[in-house]
Amino acid sequence: MEGIIVKGIGGLYYVKCEDKLYTCKARGKFRHNKLSPMIGDYVKISIDGEDGVIEEIYDRKSELIRPVVANVTQAFIVFAFRHPDLNRDLLSKFLLLCEYNNLKSIICFNKMDLENEEIDKVREELESAGYEVLYLEAKNNVGLEKLKDKIKGNISVFCGPSGVGKSTILNKFLGREFMETGEISNKLKRGKHTTRHSELVEFEDGLLVDTPGFSSLELDFIPKDELQYCFREFDKYRDGCKFNNCMHYKEPNCAVKEAVQDGKIHSSRYEFYIKTLEEIMSCRGNKK
Ligand code: GDP
Ligand code: ZN
């Protein structure tokens, strides 16, 4: 039988096959191969009485580390313009991480009930780069239907900085207190999120990772010559560069730089590319 791991606790994996949930152990051979099953894995299981055994793990299409989930297909990148103030570099980093991890990204601006003078500028920049943008007031249930429409057929993760409303959205969707929201934990004066295992939860004909993703935002593990492929709006121009291995940095006759000058690529996106490239190049181990 084939299914997907939706939950894992203490060496036991819960595998969803069609409409049944099986509790499975993993074969020892995975340990020898240093391969351990993770939630989101598509697996082949055999059933022995009540319990199952994971026989095979199929190739992963993507692999997130925080939380540990395989085969996520898309990320809702949640930000706000106010409370907390929009950090454009951080948003760019999230987009970059999604591109690098092969995830489709959908940007969600939450807290649209608060003032936001920057919106037109930001919208123009993101849409010209080819990103889809949704506008929400999660607290007031505004925009959530549009978000729901995107879930079908996907394994989705919510990510973004703390305080933007990720837990509010997840709690509304999943109808139980999966995570404490900021308000509650401030009152109780405890740490923000208690550690717990992530789970894949069925929702709107798709699966949601029930804890927010990507808390770590270091980008220096991205090889410097792969970085440019995370900027999808460069795709159209790359072939026109004089040098095959052009990094669109200090090289002459660069079609990407020309597109920036002509206003076809947003200059702030290009500047972010250069800034990140320089960061990567200045890290030890990445200098070639
Ligand atoms: P998280 O850290 O991203 O999970 O954020 P939370 O879901 O904990 O939300 C942080 C705070 O923002 C809470 O006090 C929420 O009530 C509040 N919040 C959530 N959605 C909205 C919204 O649409 N508008 C406003 N003004 N506040 C919101
Ligand atoms: Zn170039």
# chains A, B, ... in the order shown; residues from 1 in each chain; ligands from 1

$ select_by_dssp --residues "segment 59-275 of chain A" --states "alpha helix (DSSP H)" --output "PyMOL selection string"
chain A and resi 88-100+119-128+144-149+166-174+182-188+235-238+255-261+267-275

$ write_last_selection --atoms "C-alpha atoms" --output "PDB file, in the first residue's frame"
ATOM      1  CA  ARG A  88      11.535  44.234   2.862  1.00  0.00           C
ATOM      2  CA  ASP A  89      14.845  42.422   3.079  1.00  0.00           C
ATOM      3  CA  LEU A  90      13.322  39.749   5.237  1.00  0.00           C
ATOM      4  CA  LEU A  91      10.473  39.290   2.770  1.00  0.00           C
ATOM      5  CA  SER A  92      13.020  38.964  -0.031  1.00  0.00           C
ATOM      6  CA  LYS A  93      14.862  36.348   2.006  1.00  0.00           C
ATOM      7  CA  PHE A  94      11.717  34.290   2.462  1.00  0.00           C
ATOM      8  CA  LEU A  95      11.042  34.459  -1.268  1.00  0.00           C
ATOM      9  CA  LEU A  96      14.577  33.390  -1.992  1.00  0.00           C
ATOM     10  CA  LEU A  97      14.369  30.444   0.384  1.00  0.00           C
ATOM     11  CA  CYS A  98      11.163  29.292  -1.254  1.00  0.00           C
ATOM     12  CA  GLU A  99      12.678  29.499  -4.720  1.00  0.00           C
ATOM     13  CA  TYR A 100      15.714  27.612  -3.521  1.00  0.00           C
ATOM     14  CA  ILE A 119       1.343  49.205  -0.316  1.00  0.00           C
ATOM     15  CA  ASP A 120       1.311  50.488  -3.920  1.00  0.00           C
ATOM     16  CA  LYS A 121       5.070  50.491  -4.236  1.00  0.00           C
ATOM     17  CA  VAL A 122       5.461  47.054  -2.727  1.00  0.00           C
ATOM     18  CA  ARG A 123       2.633  45.530  -4.749  1.00  0.00           C
ATOM     19  CA  GLU A 124       4.103  46.840  -7.985  1.00  0.00           C
ATOM     20  CA  GLU A 125       7.520  45.449  -7.203  1.00  0.00           C
ATOM     21  CA  LEU A 126       6.290  42.004  -6.217  1.00  0.00           C
ATOM     22  CA  GLU A 127       3.803  41.620  -9.030  1.00  0.00           C
ATOM     23  CA  SER A 128       6.322  42.730 -11.632  1.00  0.00           C
ATOM     24  CA  LEU A 144      -9.324  33.970   4.002  1.00  0.00           C
ATOM     25  CA  GLU A 145     -11.604  32.424   1.357  1.00  0.00           C
ATOM     26  CA  LYS A 146      -9.140  33.389  -1.375  1.00  0.00           C
ATOM     27  CA  LEU A 147      -6.373  31.818   0.608  1.00  0.00           C
ATOM     28  CA  LYS A 148      -8.391  28.621   1.020  1.00  0.00           C
ATOM     29  CA  ASP A 149      -8.815  28.368  -2.753  1.00  0.00           C
ATOM     30  CA  LYS A 166       0.306  32.985  11.070  1.00  0.00           C
ATOM     31  CA  SER A 167      -1.126  31.262  14.131  1.00  0.00           C
ATOM     32  CA  THR A 168      -4.316  33.273  13.840  1.00  0.00           C
ATOM     33  CA  ILE A 169      -4.819  31.963  10.299  1.00  0.00           C
ATOM     34  CA  LEU A 170      -3.926  28.371  11.149  1.00  0.00           C
ATOM     35  CA  ASN A 171      -6.178  28.389  14.192  1.00  0.00           C
ATOM     36  CA  LYS A 172      -9.070  29.710  12.141  1.00  0.00           C
ATOM     37  CA  PHE A 173      -8.549  27.135   9.431  1.00  0.00           C
ATOM     38  CA  LEU A 174      -7.961  24.134  11.607  1.00  0.00           C
ATOM     39  CA  GLY A 182       0.836  36.273  20.670  1.00  0.00           C
ATOM     40  CA  GLU A 183      -1.946  37.726  22.742  1.00  0.00           C
ATOM     41  CA  ILE A 184      -2.453  34.665  24.870  1.00  0.00           C
ATOM     42  CA  SER A 185       1.183  33.973  25.523  1.00  0.00           C
ATOM     43  CA  ASN A 186       1.864  37.593  26.476  1.00  0.00           C
ATOM     44  CA  LYS A 187      -0.767  37.343  29.131  1.00  0.00           C
ATOM     45  CA  LEU A 188       0.628  34.131  30.459  1.00  0.00           C
ATOM     46  CA  ASP A 235      15.149  34.204 -16.577  1.00  0.00           C
ATOM     47  CA  LYS A 236      14.048  36.158 -19.612  1.00  0.00           C
ATOM     48  CA  TYR A 237      17.317  38.059 -19.917  1.00  0.00           C
ATOM     49  CA  ARG A 238      20.069  35.684 -18.857  1.00  0.00           C
ATOM     50  CA  ALA A 255      21.573  41.676 -20.268  1.00  0.00           C
ATOM     51  CA  VAL A 256      20.227  41.451 -16.738  1.00  0.00           C
ATOM     52  CA  LYS A 257      21.902  44.707 -15.725  1.00  0.00           C
ATOM     53  CA  GLU A 258      20.571  46.313 -18.896  1.00  0.00           C
ATOM     54  CA  ALA A 259      17.066  45.162 -18.026  1.00  0.00           C
ATOM     55  CA  VAL A 260      17.496  46.768 -14.612  1.00  0.00           C
ATOM     56  CA  GLN A 261      18.600  50.024 -16.244  1.00  0.00           C
ATOM     57  CA  SER A 267      16.097  47.854  -9.134  1.00  0.00           C
ATOM     58  CA  SER A 268      15.378  46.985  -5.521  1.00  0.00           C
ATOM     59  CA  ARG A 269      15.197  43.293  -6.408  1.00  0.00           C
ATOM     60  CA  TYR A 270      18.495  43.546  -8.267  1.00  0.00           C
ATOM     61  CA  GLU A 271      20.068  45.390  -5.349  1.00  0.00           C
ATOM     62  CA  PHE A 272      18.907  42.631  -3.032  1.00  0.00           C
ATOM     63  CA  TYR A 273      20.452  40.071  -5.368  1.00  0.00           C
ATOM     64  CA  ILE A 274      23.816  41.861  -5.284  1.00  0.00           C
ATOM     65  CA  LYS A 275      23.696  42.322  -1.545  1.00  0.00           C
TER      66      LYS A 275
END

$ closest_atom_pairs --of "chain A" --to "ligand 2" --cutoff "9 Å" --atoms "only C-alpha atoms and all ligand atoms" --output "tab-separated table"
residue	atom	partner	partner_atom_place_in_ligand_line	distance
A:Phe234	CA	ligand 2	1 (Zn)	8.9
A:Tyr237	CA	ligand 2	1 (Zn)	7.9
A:Arg238	CA	ligand 2	1 (Zn)	5.9
A:Asp239	CA	ligand 2	1 (Zn)	8.2
A:Gly240	CA	ligand 2	1 (Zn)	7.6
A:Cys241	CA	ligand 2	1 (Zn)	4.6
A:Lys242	CA	ligand 2	1 (Zn)	7.2
A:Phe243	CA	ligand 2	1 (Zn)	7.1
A:Asn244	CA	ligand 2	1 (Zn)	8.3
A:Asn245	CA	ligand 2	1 (Zn)	8.0
A:Cys246	CA	ligand 2	1 (Zn)	4.5
A:Met247	CA	ligand 2	1 (Zn)	5.5
A:His248	CA	ligand 2	1 (Zn)	3.5
A:Tyr249	CA	ligand 2	1 (Zn)	7.0
A:Lys250	CA	ligand 2	1 (Zn)	8.7
A:Glu251	CA	ligand 2	1 (Zn)	6.7
A:Pro252	CA	ligand 2	1 (Zn)	7.9
A:Asn253	CA	ligand 2	1 (Zn)	7.1
A:Cys254	CA	ligand 2	1 (Zn)	3.7
A:Ala255	CA	ligand 2	1 (Zn)	5.3
A:Val256	CA	ligand 2	1 (Zn)	5.0
A:Lys257	CA	ligand 2	1 (Zn)	6.4
A:Glu258	CA	ligand 2	1 (Zn)	8.6

$ residues_near_ligand --ligand "ligand 1" --cutoff "7 Å" --atoms "only C-alpha atoms and all ligand atoms" --output "ChimeraX atom specification"
/A:110-114,136-140,160-169,180-183

$ write_last_selection --atoms "N, CA, C and O atoms" --output "tab-separated table (two decimals), in the first residue's frame"
chain	number	residue	atom	x	y	z
A	110	ASN	N	-1.06	40.49	5.77
A	110	ASN	CA	-2.12	40.46	6.76
A	110	ASN	C	-2.19	41.81	7.48
A	110	ASN	O	-1.33	42.66	7.30
A	111	LYS	N	-3.20	41.98	8.29
A	111	LYS	CA	-3.41	43.21	9.07
A	111	LYS	C	-3.67	44.39	8.15
A	111	LYS	O	-3.17	45.50	8.39
A	112	MET	N	-4.41	44.15	7.07
A	112	MET	CA	-4.71	45.24	6.15
A	112	MET	C	-5.65	46.26	6.76
A	112	MET	O	-5.91	47.31	6.16
A	113	ASP	N	-6.18	45.97	7.94
A	113	ASP	CA	-6.99	46.96	8.65
A	113	ASP	C	-6.13	48.08	9.22
A	113	ASP	O	-6.63	49.15	9.56
A	114	LEU	N	-4.82	47.85	9.32
A	114	LEU	CA	-3.93	48.89	9.84
A	114	LEU	C	-3.43	49.76	8.69
A	114	LEU	O	-3.44	49.34	7.54
A	136	LEU	N	-5.05	40.30	3.45
A	136	LEU	CA	-5.90	39.68	4.47
A	136	LEU	C	-6.09	40.57	5.70
A	136	LEU	O	-5.26	41.42	6.01
A	137	GLU	N	-7.22	40.34	6.34
A	137	GLU	CA	-7.38	40.76	7.75
A	137	GLU	C	-7.82	39.49	8.44
A	137	GLU	O	-9.02	39.23	8.58
A	138	ALA	N	-6.86	38.72	8.86
A	138	ALA	CA	-7.18	37.38	9.40
A	138	ALA	C	-8.11	37.50	10.61
A	138	ALA	O	-9.06	36.74	10.76
A	139	LYS	N	-7.81	38.48	11.44
A	139	LYS	CA	-8.59	38.67	12.66
A	139	LYS	C	-10.08	38.86	12.35
A	139	LYS	O	-10.93	38.40	13.10
A	140	ASN	N	-10.34	39.55	11.22
A	140	ASN	CA	-11.73	39.84	10.86
A	140	ASN	C	-12.24	38.93	9.74
A	140	ASN	O	-13.22	39.26	9.08
A	160	GLY	N	6.92	33.22	7.77
A	160	GLY	CA	6.92	34.67	7.94
A	160	GLY	C	7.40	34.98	9.34
A	160	GLY	O	7.51	34.08	10.18
A	161	PRO	N	7.70	36.28	9.59
A	161	PRO	CA	8.23	36.64	10.91
A	161	PRO	C	7.19	36.46	12.00
A	161	PRO	O	6.01	36.27	11.71
A	162	SER	N	7.62	36.57	13.21
A	162	SER	CA	6.71	36.38	14.33
A	162	SER	C	5.81	37.61	14.49
A	162	SER	O	6.21	38.74	14.21
A	163	GLY	N	4.57	37.38	14.86
A	163	GLY	CA	3.65	38.47	15.14
A	163	GLY	C	2.80	38.93	13.96
A	163	GLY	O	2.00	39.85	14.09
A	164	VAL	N	2.95	38.29	12.79
A	164	VAL	CA	2.22	38.75	11.61
A	164	VAL	C	0.84	38.12	11.48
A	164	VAL	O	0.02	38.56	10.68
A	165	GLY	N	0.58	37.06	12.23
A	165	GLY	CA	-0.75	36.45	12.20
A	165	GLY	C	-0.81	35.03	11.68
A	165	GLY	O	-1.90	34.54	11.36
A	166	LYS	N	0.31	34.37	11.60
A	166	LYS	CA	0.31	32.98	11.07
A	166	LYS	C	-0.55	32.06	11.94
A	166	LYS	O	-1.36	31.29	11.42
A	167	SER	N	-0.36	32.15	13.24
A	167	SER	CA	-1.13	31.26	14.13
A	167	SER	C	-2.61	31.59	14.06
A	167	SER	O	-3.45	30.69	14.10
A	168	THR	N	-2.91	32.88	13.94
A	168	THR	CA	-4.32	33.27	13.84
A	168	THR	C	-4.96	32.58	12.64
A	168	THR	O	-6.05	32.03	12.75
A	169	ILE	N	-4.26	32.59	11.51
A	169	ILE	CA	-4.82	31.96	10.30
A	169	ILE	C	-4.95	30.45	10.49
A	169	ILE	O	-6.01	29.86	10.23
A	180	GLU	N	-0.36	28.81	20.39
A	180	GLU	CA	-0.80	29.95	21.16
A	180	GLU	C	-0.55	31.17	20.31
A	180	GLU	O	0.51	31.32	19.73
A	181	THR	N	-1.51	32.08	20.25
A	181	THR	CA	-1.24	33.32	19.53
A	181	THR	C	-0.55	34.29	20.49
A	181	THR	O	-0.57	34.10	21.70
A	182	GLY	N	0.05	35.31	19.91
A	182	GLY	CA	0.84	36.27	20.67
A	182	GLY	C	0.10	36.79	21.89
A	182	GLY	O	0.66	36.86	22.99
A	183	GLU	N	-1.16	37.13	21.67
A	183	GLU	CA	-1.95	37.73	22.74
A	183	GLU	C	-1.98	36.84	23.99
A	183	GLU	O	-1.68	37.29	25.08

$ closest_residue --among "A:Asn154, A:Asn101, A:Thr276, A:Gln228" --to "Ile65 of chain A" --atoms "only C-alpha atoms"
A:Asn101

$ residues_around --residues "Cys108 of chain A" --least-positions-apart "6" --cutoff "7 Å" --atoms "only C-alpha atoms" --output "list in words"
Phe76, Ile77, Val78, Phe79, Val133, Leu134, Tyr135 and Leu136 of chain A

$ write_last_selection --atoms "all heavy atoms" --output "PDB file, in the first residue's frame"
ATOM      1  N   PHE A  76       2.872  29.886   2.022  1.00  0.00           N
ATOM      2  CA  PHE A  76       2.208  31.171   2.194  1.00  0.00           C
ATOM      3  C   PHE A  76       3.155  32.014   3.037  1.00  0.00           C
ATOM      4  O   PHE A  76       3.436  31.692   4.193  1.00  0.00           O
ATOM      5  CB  PHE A  76       0.873  31.003   2.913  1.00  0.00           C
ATOM      6  CG  PHE A  76      -0.136  30.245   2.100  1.00  0.00           C
ATOM      7  CD1 PHE A  76      -0.471  28.934   2.407  1.00  0.00           C
ATOM      8  CD2 PHE A  76      -0.739  30.841   0.999  1.00  0.00           C
ATOM      9  CE1 PHE A  76      -1.389  28.227   1.640  1.00  0.00           C
ATOM     10  CE2 PHE A  76      -1.655  30.141   0.222  1.00  0.00           C
ATOM     11  CZ  PHE A  76      -1.991  28.828   0.539  1.00  0.00           C
ATOM     12  N   ILE A  77       3.687  33.041   2.419  1.00  0.00           N
ATOM     13  CA  ILE A  77       4.639  33.900   3.127  1.00  0.00           C
ATOM     14  C   ILE A  77       3.848  35.057   3.714  1.00  0.00           C
ATOM     15  O   ILE A  77       3.369  35.918   2.983  1.00  0.00           O
ATOM     16  CB  ILE A  77       5.716  34.409   2.158  1.00  0.00           C
ATOM     17  CG1 ILE A  77       6.419  33.213   1.502  1.00  0.00           C
ATOM     18  CG2 ILE A  77       6.719  35.294   2.884  1.00  0.00           C
ATOM     19  CD1 ILE A  77       7.491  33.609   0.528  1.00  0.00           C
ATOM     20  N   VAL A  78       3.681  35.042   5.024  1.00  0.00           N
ATOM     21  CA  VAL A  78       2.809  36.023   5.667  1.00  0.00           C
ATOM     22  C   VAL A  78       3.638  37.177   6.221  1.00  0.00           C
ATOM     23  O   VAL A  78       4.642  36.969   6.902  1.00  0.00           O
ATOM     24  CB  VAL A  78       1.986  35.365   6.802  1.00  0.00           C
ATOM     25  CG1 VAL A  78       0.960  36.344   7.352  1.00  0.00           C
ATOM     26  CG2 VAL A  78       1.313  34.082   6.325  1.00  0.00           C
ATOM     27  N   PHE A  79       3.216  38.386   5.880  1.00  0.00           N
ATOM     28  CA  PHE A  79       3.856  39.600   6.388  1.00  0.00           C
ATOM     29  C   PHE A  79       2.776  40.611   6.722  1.00  0.00           C
ATOM     30  O   PHE A  79       1.614  40.446   6.338  1.00  0.00           O
ATOM     31  CB  PHE A  79       4.809  40.194   5.325  1.00  0.00           C
ATOM     32  CG  PHE A  79       6.229  39.692   5.466  1.00  0.00           C
ATOM     33  CD1 PHE A  79       6.572  38.453   4.959  1.00  0.00           C
ATOM     34  CD2 PHE A  79       7.192  40.445   6.112  1.00  0.00           C
ATOM     35  CE1 PHE A  79       7.869  37.962   5.095  1.00  0.00           C
ATOM     36  CE2 PHE A  79       8.497  39.964   6.257  1.00  0.00           C
ATOM     37  CZ  PHE A  79       8.834  38.734   5.748  1.00  0.00           C
ATOM     38  N   VAL A 133       0.040  37.936  -4.848  1.00  0.00           N
ATOM     39  CA  VAL A 133      -0.084  38.604  -3.560  1.00  0.00           C
ATOM     40  C   VAL A 133      -1.548  38.583  -3.100  1.00  0.00           C
ATOM     41  O   VAL A 133      -2.449  38.905  -3.875  1.00  0.00           O
ATOM     42  CB  VAL A 133       0.398  40.072  -3.642  1.00  0.00           C
ATOM     43  CG1 VAL A 133       0.431  40.704  -2.250  1.00  0.00           C
ATOM     44  CG2 VAL A 133       1.784  40.165  -4.281  1.00  0.00           C
ATOM     45  N   LEU A 134      -1.773  38.192  -1.861  1.00  0.00           N
ATOM     46  CA  LEU A 134      -3.109  38.221  -1.274  1.00  0.00           C
ATOM     47  C   LEU A 134      -3.119  39.220  -0.125  1.00  0.00           C
ATOM     48  O   LEU A 134      -2.098  39.430   0.526  1.00  0.00           O
ATOM     49  CB  LEU A 134      -3.512  36.839  -0.733  1.00  0.00           C
ATOM     50  CG  LEU A 134      -3.572  35.649  -1.692  1.00  0.00           C
ATOM     51  CD1 LEU A 134      -3.939  34.384  -0.926  1.00  0.00           C
ATOM     52  CD2 LEU A 134      -4.567  35.915  -2.811  1.00  0.00           C
ATOM     53  N   TYR A 135      -4.293  39.818   0.116  1.00  0.00           N
ATOM     54  CA  TYR A 135      -4.411  40.804   1.189  1.00  0.00           C
ATOM     55  C   TYR A 135      -5.435  40.319   2.201  1.00  0.00           C
ATOM     56  O   TYR A 135      -6.559  39.967   1.827  1.00  0.00           O
ATOM     57  CB  TYR A 135      -4.809  42.158   0.600  1.00  0.00           C
ATOM     58  CG  TYR A 135      -3.781  42.633  -0.410  1.00  0.00           C
ATOM     59  CD1 TYR A 135      -3.920  42.323  -1.762  1.00  0.00           C
ATOM     60  CD2 TYR A 135      -2.661  43.324   0.011  1.00  0.00           C
ATOM     61  CE1 TYR A 135      -2.950  42.708  -2.687  1.00  0.00           C
ATOM     62  CE2 TYR A 135      -1.688  43.719  -0.900  1.00  0.00           C
ATOM     63  CZ  TYR A 135      -1.838  43.411  -2.247  1.00  0.00           C
ATOM     64  OH  TYR A 135      -0.883  43.784  -3.141  1.00  0.00           O
ATOM     65  N   LEU A 136      -5.045  40.297   3.452  1.00  0.00           N
ATOM     66  CA  LEU A 136      -5.896  39.683   4.473  1.00  0.00           C
ATOM     67  C   LEU A 136      -6.093  40.565   5.696  1.00  0.00           C
ATOM     68  O   LEU A 136      -5.255  41.416   6.014  1.00  0.00           O
ATOM     69  CB  LEU A 136      -5.274  38.371   4.976  1.00  0.00           C
ATOM     70  CG  LEU A 136      -4.637  37.381   4.016  1.00  0.00           C
ATOM     71  CD1 LEU A 136      -3.946  36.282   4.814  1.00  0.00           C
ATOM     72  CD2 LEU A 136      -5.691  36.782   3.102  1.00  0.00           C
TER      73      LEU A 136
END

$ decode --residues "segment 126-136 of chain A" --atoms "all heavy atoms" --output "mmCIF file, in the first residue's frame"
data_model
loop_
_atom_site.group_PDB
_atom_site.id
_atom_site.type_symbol
_atom_site.label_atom_id
_atom_site.label_comp_id
_atom_site.auth_asym_id
_atom_site.auth_seq_id
_atom_site.Cartn_x
_atom_site.Cartn_y
_atom_site.Cartn_z
ATOM 1 N N LEU A 126 6.454 43.453 -6.342
ATOM 2 C CA LEU A 126 6.290 42.004 -6.217
ATOM 3 C C LEU A 126 5.559 41.420 -7.412
ATOM 4 O O LEU A 126 5.894 40.348 -7.913
ATOM 5 C CB LEU A 126 5.540 41.657 -4.927
ATOM 6 C CG LEU A 126 6.297 41.992 -3.654
ATOM 7 C CD1 LEU A 126 5.404 41.804 -2.442
ATOM 8 C CD2 LEU A 126 7.550 41.127 -3.551
ATOM 9 N N GLU A 127 4.545 42.144 -7.892
ATOM 10 C CA GLU A 127 3.803 41.620 -9.030
ATOM 11 C C GLU A 127 4.633 41.665 -10.302
ATOM 12 O O GLU A 127 4.547 40.770 -11.131
ATOM 13 C CB GLU A 127 2.442 42.317 -9.153
ATOM 14 C CG GLU A 127 1.520 41.842 -8.022
ATOM 15 C CD GLU A 127 0.127 42.455 -8.009
ATOM 16 O OE1 GLU A 127 -0.125 43.371 -8.824
ATOM 17 O OE2 GLU A 127 -0.706 42.013 -7.183
ATOM 18 N N SER A 128 5.480 42.687 -10.430
ATOM 19 C CA SER A 128 6.322 42.730 -11.632
ATOM 20 C C SER A 128 7.362 41.616 -11.603
ATOM 21 O O SER A 128 7.859 41.186 -12.635
ATOM 22 C CB SER A 128 6.976 44.107 -11.806
ATOM 23 O OG SER A 128 8.017 44.268 -10.869
ATOM 24 N N ALA A 129 7.685 41.122 -10.424
ATOM 25 C CA ALA A 129 8.605 39.989 -10.329
ATOM 26 C C ALA A 129 7.865 38.666 -10.524
ATOM 27 O O ALA A 129 8.473 37.599 -10.502
ATOM 28 C CB ALA A 129 9.316 39.998 -8.985
ATOM 29 N N GLY A 130 6.543 38.725 -10.693
ATOM 30 C CA GLY A 130 5.775 37.528 -10.988
ATOM 31 C C GLY A 130 5.187 36.824 -9.780
ATOM 32 O O GLY A 130 4.757 35.678 -9.863
ATOM 33 N N TYR A 131 5.157 37.499 -8.641
ATOM 34 C CA TYR A 131 4.603 36.861 -7.439
ATOM 35 C C TYR A 131 3.134 37.181 -7.268
ATOM 36 O O TYR A 131 2.672 38.266 -7.599
ATOM 37 C CB TYR A 131 5.378 37.313 -6.198
ATOM 38 C CG TYR A 131 6.748 36.698 -6.131
ATOM 39 C CD1 TYR A 131 7.883 37.460 -6.366
ATOM 40 C CD2 TYR A 131 6.895 35.337 -5.873
ATOM 41 C CE1 TYR A 131 9.142 36.900 -6.337
ATOM 42 C CE2 TYR A 131 8.150 34.765 -5.837
ATOM 43 C CZ TYR A 131 9.266 35.545 -6.069
ATOM 44 O OH TYR A 131 10.503 34.970 -6.038
ATOM 45 N N GLU A 132 2.452 36.208 -6.710
ATOM 46 C CA GLU A 132 1.044 36.367 -6.409
ATOM 47 C C GLU A 132 0.918 36.964 -5.002
ATOM 48 O O GLU A 132 1.607 36.535 -4.085
ATOM 49 C CB GLU A 132 0.404 34.990 -6.442
ATOM 50 C CG GLU A 132 -1.082 35.005 -6.468
ATOM 51 C CD GLU A 132 -1.623 33.589 -6.683
ATOM 52 O OE1 GLU A 132 -0.846 32.667 -7.011
ATOM 53 O OE2 GLU A 132 -2.818 33.436 -6.509
ATOM 54 N N VAL A 133 0.040 37.936 -4.848
ATOM 55 C CA VAL A 133 -0.084 38.604 -3.560
ATOM 56 C C VAL A 133 -1.548 38.583 -3.100
ATOM 57 O O VAL A 133 -2.449 38.905 -3.875
ATOM 58 C CB VAL A 133 0.398 40.072 -3.642
ATOM 59 C CG1 VAL A 133 0.431 40.704 -2.250
ATOM 60 C CG2 VAL A 133 1.784 40.165 -4.281
ATOM 61 N N LEU A 134 -1.773 38.192 -1.861
ATOM 62 C CA LEU A 134 -3.109 38.221 -1.274
ATOM 63 C C LEU A 134 -3.119 39.220 -0.125
ATOM 64 O O LEU A 134 -2.098 39.430 0.526
ATOM 65 C CB LEU A 134 -3.512 36.839 -0.733
ATOM 66 C CG LEU A 134 -3.572 35.649 -1.692
ATOM 67 C CD1 LEU A 134 -3.939 34.384 -0.926
ATOM 68 C CD2 LEU A 134 -4.567 35.915 -2.811
ATOM 69 N N TYR A 135 -4.293 39.818 0.116
ATOM 70 C CA TYR A 135 -4.411 40.804 1.189
ATOM 71 C C TYR A 135 -5.435 40.319 2.201
ATOM 72 O O TYR A 135 -6.559 39.967 1.827
ATOM 73 C CB TYR A 135 -4.809 42.158 0.600
ATOM 74 C CG TYR A 135 -3.781 42.633 -0.410
ATOM 75 C CD1 TYR A 135 -3.920 42.323 -1.762
ATOM 76 C CD2 TYR A 135 -2.661 43.324 0.011
ATOM 77 C CE1 TYR A 135 -2.950 42.708 -2.687
ATOM 78 C CE2 TYR A 135 -1.688 43.719 -0.900
ATOM 79 C CZ TYR A 135 -1.838 43.411 -2.247
ATOM 80 O OH TYR A 135 -0.883 43.784 -3.141
ATOM 81 N N LEU A 136 -5.045 40.297 3.452
ATOM 82 C CA LEU A 136 -5.896 39.683 4.473
ATOM 83 C C LEU A 136 -6.093 40.565 5.696
ATOM 84 O O LEU A 136 -5.255 41.416 6.014
ATOM 85 C CB LEU A 136 -5.274 38.371 4.976
ATOM 86 C CG LEU A 136 -4.637 37.381 4.016
ATOM 87 C CD1 LEU A 136 -3.946 36.282 4.814
ATOM 88 C CD2 LEU A 136 -5.691 36.782 3.102
#
